[in-house]
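Next comes model34.txt, with compact mmCIF, N, CA and C atoms.
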# COMPACT_ATOMS: atom_id res chain seq x y z
N MET A 1461 -34.50 2.46 89.96
CA MET A 1461 -34.81 2.67 91.37
C MET A 1461 -36.22 3.26 91.49
N SER A 1462 -37.04 2.68 92.33
CA SER A 1462 -38.43 3.12 92.43
C SER A 1462 -38.61 4.28 93.40
N TRP A 1463 -39.73 4.92 93.28
CA TRP A 1463 -40.12 6.03 94.14
C TRP A 1463 -41.00 5.50 95.26
N ALA A 1464 -41.05 6.23 96.37
CA ALA A 1464 -41.91 5.86 97.50
C ALA A 1464 -43.09 6.83 97.57
N ILE A 1465 -44.19 6.34 98.10
CA ILE A 1465 -45.37 7.17 98.33
C ILE A 1465 -45.52 7.28 99.85
N GLU A 1466 -45.57 8.51 100.35
CA GLU A 1466 -45.80 8.75 101.78
C GLU A 1466 -47.03 9.63 101.94
N TYR A 1467 -47.65 9.52 103.09
CA TYR A 1467 -48.85 10.30 103.39
C TYR A 1467 -48.54 11.33 104.45
N TYR A 1468 -49.06 12.53 104.25
CA TYR A 1468 -48.95 13.56 105.28
C TYR A 1468 -49.73 13.09 106.51
N VAL A 1469 -49.11 13.22 107.67
CA VAL A 1469 -49.75 12.87 108.94
C VAL A 1469 -49.76 14.12 109.80
N THR A 1470 -50.92 14.45 110.37
CA THR A 1470 -51.02 15.63 111.22
C THR A 1470 -50.24 15.43 112.51
N SER A 1471 -50.02 16.51 113.24
CA SER A 1471 -49.29 16.41 114.51
C SER A 1471 -50.05 15.55 115.52
N SER A 1472 -51.37 15.41 115.33
CA SER A 1472 -52.17 14.56 116.23
C SER A 1472 -52.24 13.11 115.76
N GLY A 1473 -51.59 12.80 114.61
CA GLY A 1473 -51.54 11.42 114.15
C GLY A 1473 -52.57 11.04 113.11
N ARG A 1474 -53.42 11.99 112.69
CA ARG A 1474 -54.41 11.71 111.64
C ARG A 1474 -53.74 11.68 110.28
N CYS A 1475 -54.31 10.89 109.38
CA CYS A 1475 -53.82 10.81 108.00
C CYS A 1475 -54.98 11.14 107.06
N PRO A 1476 -55.19 12.45 106.79
CA PRO A 1476 -56.37 12.87 106.03
C PRO A 1476 -56.45 12.29 104.62
N VAL A 1477 -55.33 12.08 103.96
CA VAL A 1477 -55.38 11.54 102.60
C VAL A 1477 -55.85 10.09 102.62
N LYS A 1478 -55.37 9.29 103.57
CA LYS A 1478 -55.85 7.90 103.67
C LYS A 1478 -57.34 7.87 103.95
N GLU A 1479 -57.81 8.77 104.81
CA GLU A 1479 -59.25 8.85 105.10
C GLU A 1479 -60.02 9.17 103.83
N PHE A 1480 -59.48 10.10 103.02
CA PHE A 1480 -60.14 10.45 101.76
C PHE A 1480 -60.16 9.26 100.80
N ILE A 1481 -59.05 8.56 100.66
CA ILE A 1481 -58.97 7.41 99.76
C ILE A 1481 -59.97 6.34 100.19
N ASP A 1482 -60.10 6.13 101.50
CA ASP A 1482 -61.07 5.15 102.01
C ASP A 1482 -62.50 5.52 101.64
N SER A 1483 -62.76 6.82 101.44
CA SER A 1483 -64.12 7.28 101.11
C SER A 1483 -64.44 7.14 99.62
N LEU A 1484 -63.43 6.86 98.78
CA LEU A 1484 -63.67 6.73 97.35
C LEU A 1484 -64.42 5.44 97.04
N SER A 1485 -65.09 5.42 95.90
CA SER A 1485 -65.75 4.19 95.43
C SER A 1485 -64.67 3.14 95.15
N ASP A 1486 -65.11 1.89 94.97
CA ASP A 1486 -64.16 0.83 94.62
C ASP A 1486 -63.42 1.17 93.33
N GLU A 1487 -64.14 1.73 92.36
CA GLU A 1487 -63.54 2.13 91.09
C GLU A 1487 -62.51 3.25 91.31
N GLY A 1488 -62.85 4.22 92.14
CA GLY A 1488 -61.93 5.31 92.44
C GLY A 1488 -60.68 4.81 93.15
N GLN A 1489 -60.85 3.89 94.09
CA GLN A 1489 -59.69 3.32 94.79
C GLN A 1489 -58.80 2.52 93.83
N ALA A 1490 -59.42 1.81 92.89
CA ALA A 1490 -58.64 1.05 91.91
C ALA A 1490 -57.83 1.99 91.02
N LYS A 1491 -58.42 3.11 90.63
CA LYS A 1491 -57.69 4.09 89.81
C LYS A 1491 -56.56 4.72 90.61
N TYR A 1492 -56.82 4.99 91.89
CA TYR A 1492 -55.77 5.52 92.76
C TYR A 1492 -54.59 4.55 92.81
N ILE A 1493 -54.86 3.29 93.02
CA ILE A 1493 -53.80 2.27 93.09
C ILE A 1493 -53.03 2.21 91.78
N PHE A 1494 -53.74 2.25 90.65
CA PHE A 1494 -53.09 2.21 89.34
C PHE A 1494 -52.14 3.40 89.17
N ILE A 1495 -52.62 4.60 89.50
CA ILE A 1495 -51.79 5.81 89.31
C ILE A 1495 -50.61 5.81 90.26
N THR A 1496 -50.80 5.38 91.51
CA THR A 1496 -49.65 5.36 92.43
C THR A 1496 -48.62 4.33 92.00
N ARG A 1497 -49.05 3.25 91.37
CA ARG A 1497 -48.08 2.28 90.83
C ARG A 1497 -47.26 2.93 89.71
N LEU A 1498 -47.91 3.73 88.87
CA LEU A 1498 -47.18 4.46 87.83
C LEU A 1498 -46.16 5.40 88.46
N LEU A 1499 -46.60 6.14 89.48
CA LEU A 1499 -45.70 7.08 90.15
C LEU A 1499 -44.50 6.36 90.76
N LYS A 1500 -44.75 5.22 91.40
CA LYS A 1500 -43.65 4.47 92.01
C LYS A 1500 -42.64 4.01 90.97
N GLU A 1501 -43.14 3.61 89.80
CA GLU A 1501 -42.24 3.08 88.78
C GLU A 1501 -41.57 4.17 87.94
N TYR A 1502 -42.34 5.20 87.56
CA TYR A 1502 -41.82 6.19 86.61
C TYR A 1502 -41.54 7.56 87.23
N GLY A 1503 -41.93 7.76 88.48
CA GLY A 1503 -41.64 9.01 89.17
C GLY A 1503 -42.20 10.24 88.48
N VAL A 1504 -41.39 11.28 88.40
CA VAL A 1504 -41.84 12.57 87.87
C VAL A 1504 -42.11 12.53 86.37
N ALA A 1505 -41.81 11.43 85.70
CA ALA A 1505 -42.08 11.31 84.26
C ALA A 1505 -43.57 11.08 83.97
N VAL A 1506 -44.37 10.74 84.98
CA VAL A 1506 -45.81 10.51 84.78
C VAL A 1506 -46.48 11.86 84.52
N LYS A 1507 -47.29 11.91 83.49
CA LYS A 1507 -47.96 13.16 83.08
C LYS A 1507 -49.46 12.92 82.92
N GLU A 1508 -50.13 13.91 82.31
CA GLU A 1508 -51.56 13.79 82.03
C GLU A 1508 -51.81 12.56 81.18
N PRO A 1509 -52.91 11.90 81.38
CA PRO A 1509 -54.08 12.29 82.16
C PRO A 1509 -54.04 11.87 83.62
N TYR A 1510 -52.93 11.29 84.08
CA TYR A 1510 -52.88 10.75 85.43
C TYR A 1510 -52.51 11.78 86.49
N VAL A 1511 -51.57 12.65 86.16
CA VAL A 1511 -51.16 13.71 87.09
C VAL A 1511 -50.97 15.00 86.31
N LYS A 1512 -51.04 16.11 87.03
CA LYS A 1512 -50.86 17.42 86.39
C LYS A 1512 -50.32 18.39 87.42
N GLN A 1513 -49.42 19.26 86.98
CA GLN A 1513 -48.90 20.29 87.88
C GLN A 1513 -49.99 21.32 88.12
N ILE A 1514 -50.05 21.83 89.34
CA ILE A 1514 -51.01 22.89 89.67
C ILE A 1514 -50.44 24.20 89.12
N ALA A 1515 -51.20 24.86 88.26
CA ALA A 1515 -50.75 26.11 87.63
C ALA A 1515 -50.40 27.14 88.69
N GLY A 1516 -49.24 27.75 88.53
CA GLY A 1516 -48.81 28.80 89.45
C GLY A 1516 -48.21 28.29 90.75
N HIS A 1517 -48.09 26.98 90.88
CA HIS A 1517 -47.54 26.38 92.10
C HIS A 1517 -46.49 25.36 91.67
N ARG A 1518 -45.26 25.81 91.66
CA ARG A 1518 -44.15 25.03 91.10
C ARG A 1518 -44.01 23.63 91.70
N LYS A 1519 -44.27 23.48 92.99
CA LYS A 1519 -44.01 22.19 93.64
C LYS A 1519 -45.24 21.29 93.74
N LEU A 1520 -46.44 21.84 93.58
CA LEU A 1520 -47.65 21.04 93.79
C LEU A 1520 -48.16 20.39 92.50
N PHE A 1521 -48.58 19.14 92.67
CA PHE A 1521 -49.16 18.38 91.57
C PHE A 1521 -50.48 17.78 92.05
N GLU A 1522 -51.31 17.37 91.08
CA GLU A 1522 -52.55 16.68 91.43
C GLU A 1522 -52.60 15.32 90.78
N LEU A 1523 -52.97 14.34 91.56
CA LEU A 1523 -53.26 13.00 91.09
C LEU A 1523 -54.73 13.03 90.69
N ARG A 1524 -55.04 12.64 89.45
CA ARG A 1524 -56.37 12.84 88.88
C ARG A 1524 -57.15 11.53 88.81
N ILE A 1525 -58.26 11.48 89.53
CA ILE A 1525 -59.10 10.28 89.58
C ILE A 1525 -60.49 10.65 89.11
N LYS A 1526 -60.98 9.93 88.11
CA LYS A 1526 -62.35 10.14 87.63
C LYS A 1526 -63.05 8.80 87.59
N ASP A 1527 -64.22 8.74 88.22
CA ASP A 1527 -65.03 7.53 88.15
C ASP A 1527 -66.49 7.95 88.04
N LYS A 1528 -67.39 6.98 88.06
CA LYS A 1528 -68.80 7.33 87.85
C LYS A 1528 -69.39 8.16 88.99
N SER A 1529 -68.73 8.18 90.15
CA SER A 1529 -69.26 9.00 91.25
C SER A 1529 -68.71 10.44 91.22
N GLY A 1530 -67.75 10.73 90.31
CA GLY A 1530 -67.27 12.10 90.20
C GLY A 1530 -65.79 12.21 89.92
N ILE A 1531 -65.28 13.40 90.15
CA ILE A 1531 -63.87 13.70 89.91
C ILE A 1531 -63.21 13.98 91.25
N SER A 1532 -62.13 13.29 91.51
CA SER A 1532 -61.39 13.46 92.75
C SER A 1532 -59.96 13.85 92.44
N ARG A 1533 -59.36 14.58 93.37
CA ARG A 1533 -57.98 14.98 93.23
C ARG A 1533 -57.24 14.73 94.54
N ILE A 1534 -55.97 14.37 94.42
CA ILE A 1534 -55.09 14.27 95.59
C ILE A 1534 -53.87 15.13 95.27
N LEU A 1535 -53.66 16.14 96.09
CA LEU A 1535 -52.54 17.05 95.87
C LEU A 1535 -51.30 16.50 96.58
N TYR A 1536 -50.14 16.64 95.92
CA TYR A 1536 -48.91 16.08 96.45
C TYR A 1536 -47.71 16.86 95.95
N PHE A 1537 -46.54 16.56 96.51
CA PHE A 1537 -45.30 17.12 95.99
C PHE A 1537 -44.21 16.05 95.99
N ALA A 1538 -43.22 16.25 95.12
CA ALA A 1538 -42.07 15.36 95.05
C ALA A 1538 -41.03 15.88 96.03
N HIS A 1539 -40.46 14.97 96.80
CA HIS A 1539 -39.50 15.35 97.83
C HIS A 1539 -38.18 14.62 97.61
N THR A 1540 -37.12 15.16 98.17
CA THR A 1540 -35.81 14.53 98.02
C THR A 1540 -35.86 13.09 98.54
N GLY A 1541 -35.02 12.27 97.99
CA GLY A 1541 -35.02 10.86 98.37
C GLY A 1541 -36.00 10.05 97.54
N ARG A 1542 -36.40 10.60 96.38
CA ARG A 1542 -37.31 9.90 95.47
C ARG A 1542 -38.60 9.47 96.16
N LYS A 1543 -39.28 10.46 96.75
CA LYS A 1543 -40.57 10.14 97.36
C LYS A 1543 -41.59 11.22 97.06
N PHE A 1544 -42.83 10.79 97.01
CA PHE A 1544 -43.97 11.68 96.85
C PHE A 1544 -44.70 11.76 98.17
N ILE A 1545 -45.05 12.97 98.56
CA ILE A 1545 -45.80 13.17 99.81
C ILE A 1545 -47.22 13.58 99.43
N LEU A 1546 -48.19 12.73 99.74
CA LEU A 1546 -49.59 13.02 99.45
C LEU A 1546 -50.14 13.89 100.58
N LEU A 1547 -50.69 15.05 100.22
CA LEU A 1547 -51.04 16.07 101.20
C LEU A 1547 -52.53 16.21 101.47
N HIS A 1548 -53.34 16.20 100.41
CA HIS A 1548 -54.75 16.57 100.57
C HIS A 1548 -55.58 15.96 99.46
N GLY A 1549 -56.70 15.35 99.82
CA GLY A 1549 -57.63 14.79 98.84
C GLY A 1549 -58.98 15.46 98.94
N PHE A 1550 -59.63 15.63 97.80
CA PHE A 1550 -60.95 16.26 97.78
C PHE A 1550 -61.69 15.87 96.52
N THR A 1551 -63.01 16.06 96.56
CA THR A 1551 -63.85 15.83 95.39
C THR A 1551 -64.00 17.16 94.68
N LYS A 1552 -63.74 17.15 93.40
CA LYS A 1552 -63.74 18.38 92.60
C LYS A 1552 -65.15 18.65 92.10
N LYS A 1553 -65.65 19.86 92.33
CA LYS A 1553 -67.01 20.21 91.93
C LYS A 1553 -67.05 21.32 90.88
N THR A 1554 -65.90 21.93 90.58
CA THR A 1554 -65.83 22.99 89.58
C THR A 1554 -64.71 22.67 88.59
N ASP A 1555 -64.65 23.43 87.50
CA ASP A 1555 -63.60 23.20 86.50
C ASP A 1555 -62.21 23.46 87.06
N LYS A 1556 -62.06 24.52 87.82
CA LYS A 1556 -60.75 24.85 88.39
C LYS A 1556 -60.64 24.28 89.79
N THR A 1557 -59.42 23.95 90.17
CA THR A 1557 -59.18 23.52 91.55
C THR A 1557 -59.30 24.75 92.43
N LEU A 1558 -60.14 24.65 93.45
CA LEU A 1558 -60.39 25.79 94.32
C LEU A 1558 -59.15 26.21 95.09
N LYS A 1559 -59.01 27.51 95.27
CA LYS A 1559 -57.87 28.07 95.98
C LYS A 1559 -57.77 27.51 97.39
N LYS A 1560 -58.92 27.31 98.06
CA LYS A 1560 -58.88 26.81 99.44
C LYS A 1560 -58.28 25.41 99.52
N GLU A 1561 -58.51 24.58 98.48
CA GLU A 1561 -57.94 23.23 98.46
C GLU A 1561 -56.41 23.31 98.30
N ILE A 1562 -55.96 24.21 97.45
CA ILE A 1562 -54.53 24.41 97.25
C ILE A 1562 -53.88 24.94 98.52
N GLU A 1563 -54.56 25.86 99.19
CA GLU A 1563 -54.03 26.43 100.44
C GLU A 1563 -53.88 25.36 101.52
N ILE A 1564 -54.81 24.43 101.60
CA ILE A 1564 -54.70 23.33 102.56
C ILE A 1564 -53.45 22.51 102.26
N ALA A 1565 -53.25 22.18 100.98
CA ALA A 1565 -52.08 21.39 100.60
C ALA A 1565 -50.79 22.15 100.89
N GLU A 1566 -50.76 23.45 100.60
CA GLU A 1566 -49.55 24.25 100.87
C GLU A 1566 -49.24 24.31 102.36
N ARG A 1567 -50.27 24.47 103.17
CA ARG A 1567 -50.09 24.50 104.63
C ARG A 1567 -49.52 23.18 105.12
N ARG A 1568 -50.06 22.09 104.61
CA ARG A 1568 -49.59 20.77 105.03
C ARG A 1568 -48.16 20.52 104.54
N MET A 1569 -47.83 21.00 103.34
CA MET A 1569 -46.47 20.83 102.84
C MET A 1569 -45.48 21.58 103.74
N LYS A 1570 -45.82 22.82 104.11
CA LYS A 1570 -44.94 23.60 105.00
C LYS A 1570 -44.80 22.90 106.35
N ASP A 1571 -45.90 22.37 106.88
CA ASP A 1571 -45.86 21.66 108.15
C ASP A 1571 -44.97 20.42 108.03
N TYR A 1572 -45.16 19.67 106.98
CA TYR A 1572 -44.34 18.45 106.77
C TYR A 1572 -42.86 18.80 106.72
N LEU A 1573 -42.52 19.80 105.93
CA LEU A 1573 -41.11 20.18 105.77
C LEU A 1573 -40.51 20.73 107.07
N SER A 1574 -41.30 21.50 107.83
CA SER A 1574 -40.78 22.05 109.09
C SER A 1574 -40.57 20.97 110.14
N ARG A 1575 -41.47 19.97 110.18
CA ARG A 1575 -41.31 18.90 111.16
C ARG A 1575 -40.20 17.94 110.77
N GLU A 1576 -39.93 17.83 109.46
CA GLU A 1576 -38.87 16.95 109.01
C GLU A 1576 -37.48 17.53 109.28
N ALA A 1577 -37.39 18.85 109.26
CA ALA A 1577 -36.08 19.53 109.40
C ALA A 1577 -35.47 19.39 110.78
I'd like the structure from this file rewritten - as structure tokens, please.
Amino acid sequence: MSWAIEYYVTSSGRCPVKEFIDSLSDEGQAKYIFITRLLKEYGVAVKEPYVKQIAGHRKLFELRIKDKSGISRILYFAHTGRKFILLHGFTKKTDKTLKKEIEIAERRMKDYLSREA
């Protein structure tokens, strides 16, 4: 049974992760498609170098995209019903994922879960 990929949508109807994916290079978009296909087929069994859990954040993971224009990350979580919710995308400029990027993803996850309930 395959997994589904869903995108966080703001209360005003914006989809920030799709906007971020559209801004990636062709190579970055191709890598995104490849990794999401892995996630759909293998679910939580997908590991590095494609995805990695965010240290200290039990539910958050990062989808890891590297191309010639840089390093990009898409933060997401696994949700009941065999689905992944993509929360936040950004271009990584330091070795560690910045706290502010994680906070954005956590805020969006709480919003998603509260609106779903």
(request) Give me the residues within 12 Å of Thr1540 (chain A) as a list in words, counting only C-alpha atoms and dropping any in the same chain fewer than 2 places off. (result) Trp1463, Ala1464, Gly1503, Val1504, Phe1537, Ala1538, Arg1542, Lys1543, Phe1544, Ile1545, Leu1573 and Glu1576 of chain A
(request) as number ranges by chain, please: all residues of chain A that backbone DSSP puts in helix (DSSP H, G or I). (result) A: 1476-1483, 1486-1505, 1559-1576
(request) Go through A:His1517, A:Lys1528, A:Lys1556, A:His1548 and flag the residue nearest Arg1568 (chain A), using only C-alpha atoms for the distances. (result)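 That would be A:His1548, the residue with the smallest distance to Arg1568 (chain A).
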(request) Select from region 1463-1550 of chain A everything DSSP, run on the backbone, classes as strand (DSSP E), then give the selection as a PyMOL selection string. (result) chain A and resi 1464-1467+1511-1513+1520-1527+1530-1539+1543-1550
(request) Point out the residue among A:Leu1547, A:Lys1519, A:Thr1496, A:Ser1529 with the least atom-to-atom distance to Cys1475 (chain A), counting only N, CA and C atoms. (result)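 For Cys1475 (chain A), the nearest of the given residues is A:Leu1547.
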(request) For atom N of Tyr1502 (chain A) and atom N of Thr1554 (chain A), quote the distance in Å rounded to one decimal. (result)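 Atom N of Thr1554 (chain A) lies at a distance of 29.1 Å from atom N of Tyr1502 (chain A).
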(message) Just want the 8 Å neighbourhood of region 1483-1490 of chain A, counted on only N, CA and C atoms, with same-chain residues fewer than 2 positions away dropped. Output as a PyMOL selection string.
(response) chain A and resi 1477-1481+1492-1496+1525-1529
(request) Work out how far CA of Phe1550 (chain A) is from CA of Ile1534 (chain A), in Å to one decimal. (result)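 For CA of Ile1534 (chain A) relative to CA of Phe1550 (chain A), the distance reads 6.6 Å.
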(message) I need the residue nearest Leu1546 (chain A) from this list: A:Arg1497, A:Ser1574, A:Ile1562, A:Met1569. Use all atoms listed in the file for the distance.
(response)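 Of all the options, A:Met1569 lies closest to Leu1546 (chain A).
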(message) Set the distance at 7 Å and use all atoms listed in the file: which residues neighbour Val1511 (chain A) once local chain neighbours fewer than 5 positions away are removed? I'd like the list as a PyMOL selection string.
(response) chain A and resi 1506+1521-1524
(request) Enter the distance from CA of Lys1491 (chain A) to CA of Ser1532 (chain A), in Å, rounded to one decimal. (result)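 Separating CA of Lys1491 (chain A) from CA of Ser1532 (chain A) is a distance of 10.5 Å.
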(request) Go through A:Thr1557, A:Thr1470, A:Ser1462, A:Thr1551 and flag the residue nearest Ala1515 (chain A), using only C-alpha atoms for the distances. (result)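 Using only C-alpha atoms, the shortest distance to Ala1515 (chain A) belongs to A:Thr1557.
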